>>> print(open('entry.cif').read())   # mmCIF, C-alpha atoms and all ligand atoms
data_structure
#
loop_
_atom_site.group_PDB
_atom_site.id
_atom_site.type_symbol
_atom_site.label_atom_id
_atom_site.label_comp_id
_atom_site.auth_asym_id
_atom_site.auth_seq_id
_atom_site.Cartn_x
_atom_site.Cartn_y
_atom_site.Cartn_z
ATOM 1 C CA MET A 1 -11.645 6.301 10.728
ATOM 2 C CA SER A 2 -10.499 6.582 7.123
ATOM 3 C CA VAL A 3 -8.858 3.905 5.009
ATOM 4 C CA ALA A 4 -5.563 5.777 5.202
ATOM 5 C CA ASP A 5 -5.528 5.402 8.997
ATOM 6 C CA GLU A 6 -5.184 1.624 8.593
ATOM 7 C CA PHE A 7 -1.979 1.976 6.609
ATOM 8 C CA VAL A 8 0.614 2.575 9.297
ATOM 9 C CA GLU A 9 4.324 1.995 8.931
ATOM 10 C CA ARG A 10 5.511 -1.331 10.389
ATOM 11 C CA ARG A 11 2.114 -3.034 10.002
ATOM 12 C CA MET A 12 1.773 -5.915 7.560
ATOM 13 C CA LEU A 13 -0.456 -5.991 4.481
ATOM 14 C CA LYS A 14 -1.732 -9.311 3.174
ATOM 15 C CA PHE A 15 -0.435 -8.859 -0.366
ATOM 16 C CA MET A 16 1.721 -11.387 -2.152
ATOM 17 C CA CYS A 17 5.340 -10.495 -2.876
ATOM 18 C CA PHE A 18 5.890 -10.204 -6.636
ATOM 19 C CA ASN A 19 9.363 -11.649 -6.276
ATOM 20 C CA CYS A 20 9.185 -14.647 -3.929
ATOM 21 C CA GLU A 21 5.392 -15.058 -3.420
ATOM 22 C CA HIS A 22 5.569 -14.504 0.327
ATOM 23 C CA PRO A 23 1.881 -13.890 1.315
ATOM 24 C CA ALA A 24 2.335 -10.593 3.180
ATOM 25 C CA MET A 25 4.493 -7.493 2.953
ATOM 26 C CA LEU A 26 5.594 -4.913 5.501
ATOM 27 C CA ILE A 27 4.354 -1.321 5.142
ATOM 28 C CA SER A 28 7.808 0.249 5.186
ATOM 29 C CA LYS A 29 6.993 3.817 4.189
ATOM 30 C CA LYS A 30 3.920 6.068 3.951
ATOM 31 C CA GLU A 31 4.484 9.340 2.141
ATOM 32 C CA LYS A 32 1.880 12.038 1.526
ATOM 33 C CA ILE A 33 2.086 13.087 -2.096
ATOM 34 C CA GLY A 34 -0.931 15.363 -2.499
ATOM 35 C CA THR A 35 -4.585 16.099 -1.861
ATOM 36 C CA ASN A 36 -7.480 14.841 -3.966
ATOM 37 C CA ASP A 37 -10.445 16.873 -5.216
ATOM 38 C CA ASP A 38 -12.641 15.167 -2.579
ATOM 39 C CA GLY A 39 -10.357 16.525 0.165
ATOM 40 C CA SER A 40 -8.751 13.192 1.027
ATOM 41 C CA GLU A 41 -4.982 12.961 1.251
ATOM 42 C CA LYS A 42 -3.102 10.918 -1.330
ATOM 43 C CA PHE A 43 -0.226 8.674 -0.225
ATOM 44 C CA LYS A 44 2.515 6.588 -1.748
ATOM 45 C CA ILE A 45 2.775 3.359 0.222
ATOM 46 C CA GLU A 46 6.011 1.431 0.016
ATOM 47 C CA LEU A 47 5.995 -2.280 0.837
ATOM 48 C CA THR A 48 9.004 -4.420 1.711
ATOM 49 C CA CYS A 49 8.976 -8.203 1.674
ATOM 50 C CA PRO A 50 10.142 -9.578 5.036
ATOM 51 C CA ARG A 51 11.590 -12.654 3.330
ATOM 52 C CA CYS A 52 13.434 -11.492 0.196
ATOM 53 C CA LYS A 53 13.517 -7.717 0.917
ATOM 54 C CA ALA A 54 12.019 -6.850 -2.474
ATOM 55 C CA VAL A 55 10.313 -3.433 -2.558
ATOM 56 C CA ASP A 56 6.960 -2.648 -4.159
ATOM 57 C CA SER A 57 4.689 0.399 -3.950
ATOM 58 C CA PHE A 58 1.212 1.653 -4.787
ATOM 59 C CA ILE A 59 -0.898 4.804 -4.431
ATOM 60 C CA LEU A 60 -3.464 4.941 -1.618
ATOM 61 C CA ASN A 61 -6.435 7.262 -2.217
ATOM 62 C CA ASP A 62 -5.543 7.405 -5.903
ATOM 63 C CA SER A 63 -7.678 10.374 -7.102
ATOM 64 C CA SER A 64 -10.419 9.563 -4.579
ATOM 65 C CA GLU A 65 -10.664 8.168 -1.065
ATOM 66 C CA ALA A 66 -10.318 4.375 -0.667
ATOM 67 C CA THR A 67 -9.141 3.881 -4.244
ATOM 68 C CA LEU A 68 -5.906 1.913 -4.506
ATOM 69 C CA SER A 69 -3.695 1.742 -7.573
ATOM 70 C CA LYS A 70 -2.082 -1.383 -8.967
ATOM 71 C CA SER A 71 1.272 -1.979 -7.354
ATOM 72 C CA GLU A 72 4.273 -0.946 -9.354
ATOM 73 C CA ASN A 73 5.789 -4.418 -9.615
ATOM 74 C CA SER A 74 2.926 -6.895 -9.350
ATOM 75 C CA GLU A 75 0.196 -5.313 -11.536
ATOM 76 C CA ARG A 76 -2.281 -6.388 -8.838
ATOM 77 C CA ILE A 77 -4.389 -4.012 -6.708
ATOM 78 C CA PRO A 78 -3.911 -4.426 -2.945
ATOM 79 C CA ASP A 79 -7.032 -4.972 -0.814
ATOM 80 C CA ALA A 80 -7.366 -2.123 1.708
ATOM 81 C CA SER A 81 -9.169 -4.409 4.169
ATOM 82 C CA LYS A 82 -6.168 -6.766 4.432
ATOM 83 C CA VAL A 83 -3.946 -4.711 6.724
ATOM 84 C CA LEU A 84 -2.995 -7.121 9.506
HETATM 85 ZN ZN ZN B 101 9.612 -11.597 -1.330
#
>>> encode(input="entry.cif", output="structure tokens")
Amino acid sequence: MSVADEFVERRMLKFMCFNCEHPAMLISKKEKIGTNDDGSEKFKIELTCPRCKAVDSFILNDSSEATLSKSENSERIPDASKVL
């Protein structure tokens, strides 16, 4: 079971909304954007706040497996173990 398997559309991620500070966001889109040198697949994960509908995103497996990028709008790195 890889980290990427945890990130499934319609699950929630415990990650604070940059806009309204809601404590969790919905995984609204998972898009494969490439393959890393270690063979893992690289994804863009889009998050939508269930309260204010703000959209944020980050890169999952950013250059290597289990590495997450800062989110585009919050400048914070999501915790891969916080998928609910
Ligand atoms: Zn929000």
>>> residues_near_ligand(input="entry.cif", ligand="ligand ZN 101 (chain B)", cutoff="10 Å", atoms="all atoms listed in the file", output="list in words")
Met16, Cys17, Phe18, Asn19, Cys20, Glu21, His22, Pro23, Ala24, Met25, Thr48, Cys49, Pro50, Arg51, Cys52, Lys53, Ala54, Val55 and Asp56 of chain A
>>> residues_around(input="entry.cif", residues="A:Pro78", least_positions_apart="2", cutoff="12 Å", atoms="all atoms listed in the file", output="CSV table (one decimal) with C-alpha atoms, in the frame of the given file")
chain,number,residue,atom,x,y,z
A,7,PHE,CA,-2.0,2.0,6.6
A,13,LEU,CA,-0.5,-6.0,4.5
A,14,LYS,CA,-1.7,-9.3,3.2
A,15,PHE,CA,-0.4,-8.9,-0.4
A,16,MET,CA,1.7,-11.4,-2.2
A,17,CYS,CA,5.3,-10.5,-2.9
A,18,PHE,CA,5.9,-10.2,-6.6
A,23,PRO,CA,1.9,-13.9,1.3
A,24,ALA,CA,2.3,-10.6,3.2
A,25,MET,CA,4.5,-7.5,3.0
A,27,ILE,CA,4.4,-1.3,5.1
A,45,ILE,CA,2.8,3.4,0.2
A,46,GLU,CA,6.0,1.4,0.0
A,47,LEU,CA,6.0,-2.3,0.8
A,56,ASP,CA,7.0,-2.6,-4.2
A,57,SER,CA,4.7,0.4,-4.0
A,58,PHE,CA,1.2,1.7,-4.8
A,59,ILE,CA,-0.9,4.8,-4.4
A,60,LEU,CA,-3.5,4.9,-1.6
A,61,ASN,CA,-6.4,7.3,-2.2
A,66,ALA,CA,-10.3,4.4,-0.7
A,67,THR,CA,-9.1,3.9,-4.2
A,68,LEU,CA,-5.9,1.9,-4.5
A,69,SER,CA,-3.7,1.7,-7.6
A,70,LYS,CA,-2.1,-1.4,-9.0
A,71,SER,CA,1.3,-2.0,-7.4
A,72,GLU,CA,4.3,-0.9,-9.4
A,73,ASN,CA,5.8,-4.4,-9.6
A,74,SER,CA,2.9,-6.9,-9.4
A,75,GLU,CA,0.2,-5.3,-11.5
A,76,ARG,CA,-2.3,-6.4,-8.8
A,80,ALA,CA,-7.4,-2.1,1.7
A,81,SER,CA,-9.2,-4.4,4.2
A,82,LYS,CA,-6.2,-6.8,4.4
A,83,VAL,CA,-3.9,-4.7,6.7
>>> atom_distance(input="entry.cif", atom1="atom CA of A:Lys44", atom2="atom CA of A:Lys29")
7.9 Å
>>> closest_residue(input="entry.cif", among="A:Lys30, A:Ser64, A:Glu6, A:Phe43", to="A:Asp79", atoms="all atoms listed in the file")
A:Glu6
>>> atom_distance(input="entry.cif", atom1="atom CA of A:Arg10", atom2="atom CA of A:Asp38")
27.7 Å
>>> atom_distance(input="entry.cif", atom1="atom CA of A:Met12", atom2="atom CA of A:Asp37")
28.8 Å
>>> axis_aligned_box(input="entry.cif", around="stretch 59-72 of chain A", padding_each_side="5 Å", output="AutoDock Vina command-line options")
--center_x -3.2 --center_y 4.2 --center_z -5.0 --size_x 24.9 --size_y 22.4 --size_z 18.7
>>> closest_residue(input="entry.cif", among="A:Met1, A:Leu84, A:Glu9, A:Asp62", to="A:Glu41", atoms="all atoms listed in the file")
A:Asp62
>>> build_atoms(input="entry.cif", residues="stretch 23-37 of chain A", atoms="N, CA and C atoms", output="compact mmCIF listing (two decimals), keeping the file's coordinate frame")
# COMPACT_ATOMS: atom_id res chain seq x y z
N PRO A 23 3.28 -14.35 1.32
CA PRO A 23 1.88 -13.89 1.32
C PRO A 23 1.62 -12.51 1.90
N ALA A 24 2.58 -11.90 2.57
CA ALA A 24 2.34 -10.59 3.18
C ALA A 24 3.59 -9.74 3.09
N MET A 25 3.36 -8.41 3.03
CA MET A 25 4.49 -7.49 2.95
C MET A 25 4.38 -6.43 4.04
N LEU A 26 5.52 -5.93 4.45
CA LEU A 26 5.59 -4.91 5.50
C LEU A 26 5.36 -3.53 4.89
N ILE A 27 4.52 -2.72 5.55
CA ILE A 27 4.35 -1.32 5.14
C ILE A 27 5.59 -0.57 5.66
N SER A 28 6.52 -0.30 4.76
CA SER A 28 7.81 0.25 5.19
C SER A 28 7.87 1.76 5.08
N LYS A 29 6.97 2.36 4.31
CA LYS A 29 6.99 3.82 4.19
C LYS A 29 5.63 4.32 3.74
N LYS A 30 5.18 5.42 4.33
CA LYS A 30 3.92 6.07 3.95
C LYS A 30 4.23 7.54 3.71
N GLU A 31 4.08 7.98 2.50
CA GLU A 31 4.48 9.34 2.14
C GLU A 31 3.31 10.08 1.53
N LYS A 32 2.96 11.22 2.10
CA LYS A 32 1.88 12.04 1.53
C LYS A 32 2.37 12.68 0.24
N ILE A 33 1.63 12.53 -0.82
CA ILE A 33 2.09 13.09 -2.10
C ILE A 33 1.09 14.08 -2.68
N GLY A 34 -0.01 14.36 -1.97
CA GLY A 34 -0.93 15.36 -2.50
C GLY A 34 -2.29 15.28 -1.84
N THR A 35 -3.21 16.07 -2.35
CA THR A 35 -4.58 16.10 -1.86
C THR A 35 -5.52 15.94 -3.05
N ASN A 36 -6.53 15.09 -2.88
CA ASN A 36 -7.48 14.84 -3.97
C ASN A 36 -8.59 15.90 -4.00
N ASP A 37 -9.34 15.93 -5.08
CA ASP A 37 -10.44 16.87 -5.22
C ASP A 37 -11.51 16.66 -4.14
